$ cat final16.pdb   # PDB, C-alpha atoms, pLDDT in the B column
ATOM      1  CA  ALA Y   1       0.000   0.000   0.000  1.00 68.00           C
ATOM      2  CA  LYS Y   2       2.831   2.399   0.858  1.00 77.00           C
ATOM      3  CA  GLY Y   3       4.295   1.805  -2.596  1.00 80.00           C
ATOM      4  CA  GLY Y   4       1.083   2.929  -4.274  1.00 87.00           C
ATOM      5  CA  ILE Y   5       0.409  -0.479  -5.830  1.00 88.00           C
ATOM      6  CA  THR Y   6      -3.317  -0.863  -6.448  1.00 89.00           C
ATOM      7  CA  GLY Y   7      -5.495  -3.460  -8.129  1.00 90.00           C
ATOM      8  CA  HIS Y   8      -5.471  -7.164  -7.399  1.00 89.00           C
ATOM      9  CA  GLU Y   9      -3.443  -8.191 -10.459  1.00 92.00           C
ATOM     10  CA  ASN Y  10      -0.815  -5.500  -9.823  1.00 92.00           C
ATOM     11  CA  ILE Y  11      -0.454  -6.554  -6.199  1.00 91.00           C
ATOM     12  CA  ILE Y  12      -0.029 -10.216  -7.183  1.00 93.00           C
ATOM     13  CA  ASN Y  13       2.580  -9.294  -9.800  1.00 93.00           C
ATOM     14  CA  HIS Y  14       4.392  -7.159  -7.233  1.00 93.00           C
ATOM     15  CA  TYR Y  15       4.633 -10.105  -4.807  1.00 94.00           C
ATOM     16  CA  LYS Y  16       6.005 -12.296  -7.600  1.00 95.00           C
ATOM     17  CA  ALA Y  17       8.558  -9.645  -8.577  1.00 95.00           C
ATOM     18  CA  ILE Y  18       9.744  -9.339  -4.978  1.00 94.00           C
ATOM     19  CA  CYS Y  19      10.170 -13.131  -4.789  1.00 96.00           C
ATOM     20  CA  ASP Y  20      12.298 -13.016  -7.935  1.00 95.00           C
ATOM     21  CA  ILE Y  21      14.805 -10.588  -6.399  1.00 96.00           C
ATOM     22  CA  VAL Y  22      14.812 -11.602  -2.715  1.00 94.00           C
ATOM     23  CA  ASP Y  23      16.541 -14.627  -1.245  1.00 93.00           C
ATOM     24  CA  GLY Y  24      14.300 -15.761   1.591  1.00 95.00           C
ATOM     25  CA  ASP Y  25      10.786 -15.399   2.866  1.00 96.00           C
ATOM     26  CA  VAL Y  26       8.383 -12.756   1.558  1.00 96.00           C
ATOM     27  CA  SER Y  27       5.358 -11.890   3.713  1.00 95.00           C
ATOM     28  CA  ALA Y  28       2.057 -11.456   1.890  1.00 95.00           C
ATOM     29  CA  GLU Y  29      -0.812 -10.244   4.071  1.00 94.00           C
ATOM     30  CA  VAL Y  30      -4.421 -11.374   3.987  1.00 96.00           C
ATOM     31  CA  ILE Y  31      -6.978  -8.570   4.011  1.00 93.00           C
ATOM     32  CA  SER Y  32     -10.022 -10.502   5.225  1.00 96.00           C
ATOM     33  CA  THR Y  33     -10.895 -10.613   8.897  1.00 96.00           C
ATOM     34  CA  ASP Y  34     -13.146 -13.684   8.751  1.00 98.00           C
ATOM     35  CA  PHE Y  35     -11.844 -17.264   8.774  1.00 98.00           C
ATOM     36  CA  GLU Y  36     -13.189 -18.274   5.351  1.00 98.00           C
ATOM     37  CA  GLY Y  37     -11.835 -15.133   3.702  1.00 98.00           C
ATOM     38  CA  MET Y  38      -8.401 -15.555   5.276  1.00 98.00           C
ATOM     39  CA  ILE Y  39      -8.231 -19.171   4.124  1.00 98.00           C
ATOM     40  CA  LYS Y  40      -9.213 -18.309   0.560  1.00 98.00           C
ATOM     41  CA  GLU Y  41      -6.738 -15.413   0.337  1.00 97.00           C
ATOM     42  CA  GLY Y  42      -3.953 -17.237   2.179  1.00 98.00           C
ATOM     43  CA  GLU Y  43      -4.111 -20.345   0.018  1.00 98.00           C
ATOM     44  CA  ALA Y  44      -4.035 -18.200  -3.133  1.00 97.00           C
ATOM     45  CA  LEU Y  45      -1.056 -16.216  -1.837  1.00 97.00           C
ATOM     46  CA  ALA Y  46       0.845 -19.352  -0.817  1.00 97.00           C
ATOM     47  CA  LYS Y  47       0.433 -20.758  -4.343  1.00 97.00           C
ATOM     48  CA  LEU Y  48       2.136 -17.715  -5.901  1.00 96.00           C
ATOM     49  CA  HIS Y  49       5.675 -18.722  -4.926  1.00 96.00           C
ATOM     50  CA  PRO Y  50       7.417 -21.068  -2.440  1.00 96.00           C
ATOM     51  CA  GLN Y  51       8.947 -18.045  -0.657  1.00 97.00           C
ATOM     52  CA  ILE Y  52       5.553 -16.571   0.263  1.00 97.00           C
ATOM     53  CA  VAL Y  53       4.707 -16.549   3.963  1.00 97.00           C
ATOM     54  CA  VAL Y  54       1.060 -15.744   4.677  1.00 98.00           C
ATOM     55  CA  LYS Y  55       0.752 -12.853   7.112  1.00 96.00           C
ATOM     56  CA  VAL Y  56      -2.277 -13.237   9.402  1.00 96.00           C
ATOM     57  CA  PRO Y  57      -3.552 -10.819  12.081  1.00 95.00           C
ATOM     58  CA  MET Y  58      -3.636 -11.808  15.761  1.00 94.00           C
ATOM     59  CA  ILE Y  59      -7.403 -11.931  16.096  1.00 94.00           C
ATOM     60  CA  LYS Y  60      -9.660 -14.863  17.023  1.00 93.00           C
ATOM     61  CA  GLU Y  61     -10.331 -15.803  13.395  1.00 96.00           C
ATOM     62  CA  GLY Y  62      -6.640 -15.295  12.594  1.00 96.00           C
ATOM     63  CA  VAL Y  63      -5.572 -17.837  15.218  1.00 95.00           C
ATOM     64  CA  LYS Y  64      -7.983 -20.346  13.651  1.00 96.00           C
ATOM     65  CA  ALA Y  65      -6.523 -19.582  10.227  1.00 97.00           C
ATOM     66  CA  ILE Y  66      -2.950 -20.030  11.489  1.00 95.00           C
ATOM     67  CA  LYS Y  67      -3.881 -23.491  12.798  1.00 95.00           C
ATOM     68  CA  TYR Y  68      -5.466 -24.365   9.446  1.00 97.00           C
ATOM     69  CA  PHE Y  69      -2.436 -23.159   7.497  1.00 97.00           C
ATOM     70  CA  SER Y  70      -0.062 -24.962   9.832  1.00 95.00           C
ATOM     71  CA  ASP Y  71      -1.956 -28.229   9.307  1.00 96.00           C
ATOM     72  CA  LYS Y  72      -1.666 -27.686   5.523  1.00 97.00           C
ATOM     73  CA  GLY Y  73       2.084 -26.925   5.659  1.00 97.00           C
ATOM     74  CA  ILE Y  74       1.580 -23.275   4.662  1.00 97.00           C
ATOM     75  CA  LYS Y  75       4.087 -20.930   6.314  1.00 97.00           C
ATOM     76  CA  THR Y  76       2.566 -18.095   8.340  1.00 96.00           C
ATOM     77  CA  ASN Y  77       3.613 -14.875   9.997  1.00 94.00           C
ATOM     78  CA  CYS Y  78       1.368 -13.572  12.784  1.00 93.00           C
ATOM     79  CA  THR Y  79       1.082  -9.800  12.921  1.00 90.00           C
ATOM     80  CA  LEU Y  80      -0.352  -7.367  15.476  1.00 87.00           C
ATOM     81  CA  VAL Y  81       1.050  -9.261  18.475  1.00 85.00           C
ATOM     82  CA  PHE Y  82       1.168  -6.924  21.468  1.00 86.00           C
ATOM     83  CA  SER Y  83       1.783  -9.246  24.423  1.00 89.00           C
ATOM     84  CA  ALA Y  84       3.733 -12.323  25.419  1.00 91.00           C
ATOM     85  CA  GLY Y  85       0.446 -14.200  25.837  1.00 88.00           C
ATOM     86  CA  GLN Y  86      -0.554 -13.436  22.268  1.00 87.00           C
ATOM     87  CA  ALA Y  87       2.869 -14.526  21.026  1.00 86.00           C
ATOM     88  CA  LEU Y  88       2.586 -17.839  22.877  1.00 88.00           C
ATOM     89  CA  LEU Y  89      -0.901 -18.408  21.514  1.00 82.00           C
ATOM     90  CA  ALA Y  90       0.264 -17.743  17.946  1.00 82.00           C
ATOM     91  CA  ALA Y  91       3.276 -20.036  18.376  1.00 82.00           C
ATOM     92  CA  LYS Y  92       1.126 -22.901  19.685  1.00 82.00           C
TER      93      LYS Y  92
END
$ encode --input "final16.pdb" --output "structure tokens"
Amino acid sequence: AKGGITGHENIINHYKAICDIVDGDVSAEVISTDFEGMIKEGEALAKLHPQIVVKVPMIKEGVKAIKYFSDKGIKTNCTLVFSAGQALLAAK
């Protein structure tokens, strides 16, 4: 968003371009705040490139999504963690 990239196709192409020039993980954030939306977006993002790590917010539905992704072998990054308790919950 800070880069001024707009439109779904442009955002997807931007993620792919970053993966082509970076050695290592690239976080790609879901926008949805409901479980089903996060799963749909996260699975699509994970399919873009093996370096993609799905970034999920630390909310109730996000914790459910992290568990789902973990069970599917999809790498995640939990964002908006403000306490040690939240960090432990996300790690579990």
$ residues_around --input "final16.pdb" --residues "range 43-57 of chain Y" --least-positions-apart "2" --cutoff "9 Å" --atoms "all atoms listed in the file" --output "ChimeraX atom specification"
/Y:12,15-16,19,22-31,33,38-41,59-63,65-66,69,74-81
$ atom_distance --input "final16.pdb" --atom1 "CA of Tyr68 in chain Y" --atom2 "CA of Gly85 in chain Y"
20.2 Å
$ closest_residue --input "final16.pdb" --among "Y:Lys64, Y:Asn10, Y:Ile18, Y:Met58" --to "Gly37 in chain Y" --atoms "all atoms listed in the file"
Y:Lys64
$ closest_residue --input "final16.pdb" --among "Y:Lys67, Y:Ala90, Y:Asn13, Y:Gly3" --to "Phe35 in chain Y" --atoms "only C-alpha atoms"
Y:Lys67
$ atom_distance --input "final16.pdb" --atom1 "CA of Ala87 in chain Y" --atom2 "CA of Ser70 in chain Y"
15.6 Å
$ atom_distance --input "final16.pdb" --atom1 "CA of Gly73 in chain Y" --atom2 "CA of Asp34 in chain Y"
20.4 Å
$ decode --input "final16.pdb" --residues "chain Y" --atoms "C-alpha atoms" --output "compact mmCIF listing (two decimals), in the first residue's frame"
# COMPACT_ATOMS: atom_id res chain seq x y z
CA ALA Y 1 0.00 0.00 0.00
CA LYS Y 2 2.83 2.40 0.86
CA GLY Y 3 4.29 1.80 -2.60
CA GLY Y 4 1.08 2.93 -4.27
CA ILE Y 5 0.41 -0.48 -5.83
CA THR Y 6 -3.32 -0.86 -6.45
CA GLY Y 7 -5.49 -3.46 -8.13
CA HIS Y 8 -5.47 -7.16 -7.40
CA GLU Y 9 -3.44 -8.19 -10.46
CA ASN Y 10 -0.82 -5.50 -9.82
CA ILE Y 11 -0.45 -6.55 -6.20
CA ILE Y 12 -0.03 -10.22 -7.18
CA ASN Y 13 2.58 -9.29 -9.80
CA HIS Y 14 4.39 -7.16 -7.23
CA TYR Y 15 4.63 -10.10 -4.81
CA LYS Y 16 6.01 -12.30 -7.60
CA ALA Y 17 8.56 -9.64 -8.58
CA ILE Y 18 9.74 -9.34 -4.98
CA CYS Y 19 10.17 -13.13 -4.79
CA ASP Y 20 12.30 -13.02 -7.94
CA ILE Y 21 14.80 -10.59 -6.40
CA VAL Y 22 14.81 -11.60 -2.72
CA ASP Y 23 16.54 -14.63 -1.24
CA GLY Y 24 14.30 -15.76 1.59
CA ASP Y 25 10.79 -15.40 2.87
CA VAL Y 26 8.38 -12.76 1.56
CA SER Y 27 5.36 -11.89 3.71
CA ALA Y 28 2.06 -11.46 1.89
CA GLU Y 29 -0.81 -10.24 4.07
CA VAL Y 30 -4.42 -11.37 3.99
CA ILE Y 31 -6.98 -8.57 4.01
CA SER Y 32 -10.02 -10.50 5.22
CA THR Y 33 -10.89 -10.61 8.90
CA ASP Y 34 -13.15 -13.68 8.75
CA PHE Y 35 -11.84 -17.26 8.77
CA GLU Y 36 -13.19 -18.27 5.35
CA GLY Y 37 -11.84 -15.13 3.70
CA MET Y 38 -8.40 -15.56 5.28
CA ILE Y 39 -8.23 -19.17 4.12
CA LYS Y 40 -9.21 -18.31 0.56
CA GLU Y 41 -6.74 -15.41 0.34
CA GLY Y 42 -3.95 -17.24 2.18
CA GLU Y 43 -4.11 -20.34 0.02
CA ALA Y 44 -4.04 -18.20 -3.13
CA LEU Y 45 -1.06 -16.22 -1.84
CA ALA Y 46 0.84 -19.35 -0.82
CA LYS Y 47 0.43 -20.76 -4.34
CA LEU Y 48 2.14 -17.71 -5.90
CA HIS Y 49 5.68 -18.72 -4.93
CA PRO Y 50 7.42 -21.07 -2.44
CA GLN Y 51 8.95 -18.04 -0.66
CA ILE Y 52 5.55 -16.57 0.26
CA VAL Y 53 4.71 -16.55 3.96
CA VAL Y 54 1.06 -15.74 4.68
CA LYS Y 55 0.75 -12.85 7.11
CA VAL Y 56 -2.28 -13.24 9.40
CA PRO Y 57 -3.55 -10.82 12.08
CA MET Y 58 -3.64 -11.81 15.76
CA ILE Y 59 -7.40 -11.93 16.10
CA LYS Y 60 -9.66 -14.86 17.02
CA GLU Y 61 -10.33 -15.80 13.39
CA GLY Y 62 -6.64 -15.29 12.59
CA VAL Y 63 -5.57 -17.84 15.22
CA LYS Y 64 -7.98 -20.35 13.65
CA ALA Y 65 -6.52 -19.58 10.23
CA ILE Y 66 -2.95 -20.03 11.49
CA LYS Y 67 -3.88 -23.49 12.80
CA TYR Y 68 -5.47 -24.37 9.45
CA PHE Y 69 -2.44 -23.16 7.50
CA SER Y 70 -0.06 -24.96 9.83
CA ASP Y 71 -1.96 -28.23 9.31
CA LYS Y 72 -1.67 -27.69 5.52
CA GLY Y 73 2.08 -26.92 5.66
CA ILE Y 74 1.58 -23.28 4.66
CA LYS Y 75 4.09 -20.93 6.31
CA THR Y 76 2.57 -18.10 8.34
CA ASN Y 77 3.61 -14.87 10.00
CA CYS Y 78 1.37 -13.57 12.78
CA THR Y 79 1.08 -9.80 12.92
CA LEU Y 80 -0.35 -7.37 15.48
CA VAL Y 81 1.05 -9.26 18.47
CA PHE Y 82 1.17 -6.92 21.47
CA SER Y 83 1.78 -9.25 24.42
CA ALA Y 84 3.73 -12.32 25.42
CA GLY Y 85 0.45 -14.20 25.84
CA GLN Y 86 -0.55 -13.44 22.27
CA ALA Y 87 2.87 -14.53 21.03
CA LEU Y 88 2.59 -17.84 22.88
CA LEU Y 89 -0.90 -18.41 21.51
CA ALA Y 90 0.26 -17.74 17.95
CA ALA Y 91 3.28 -20.04 18.38
CA LYS Y 92 1.13 -22.90 19.68
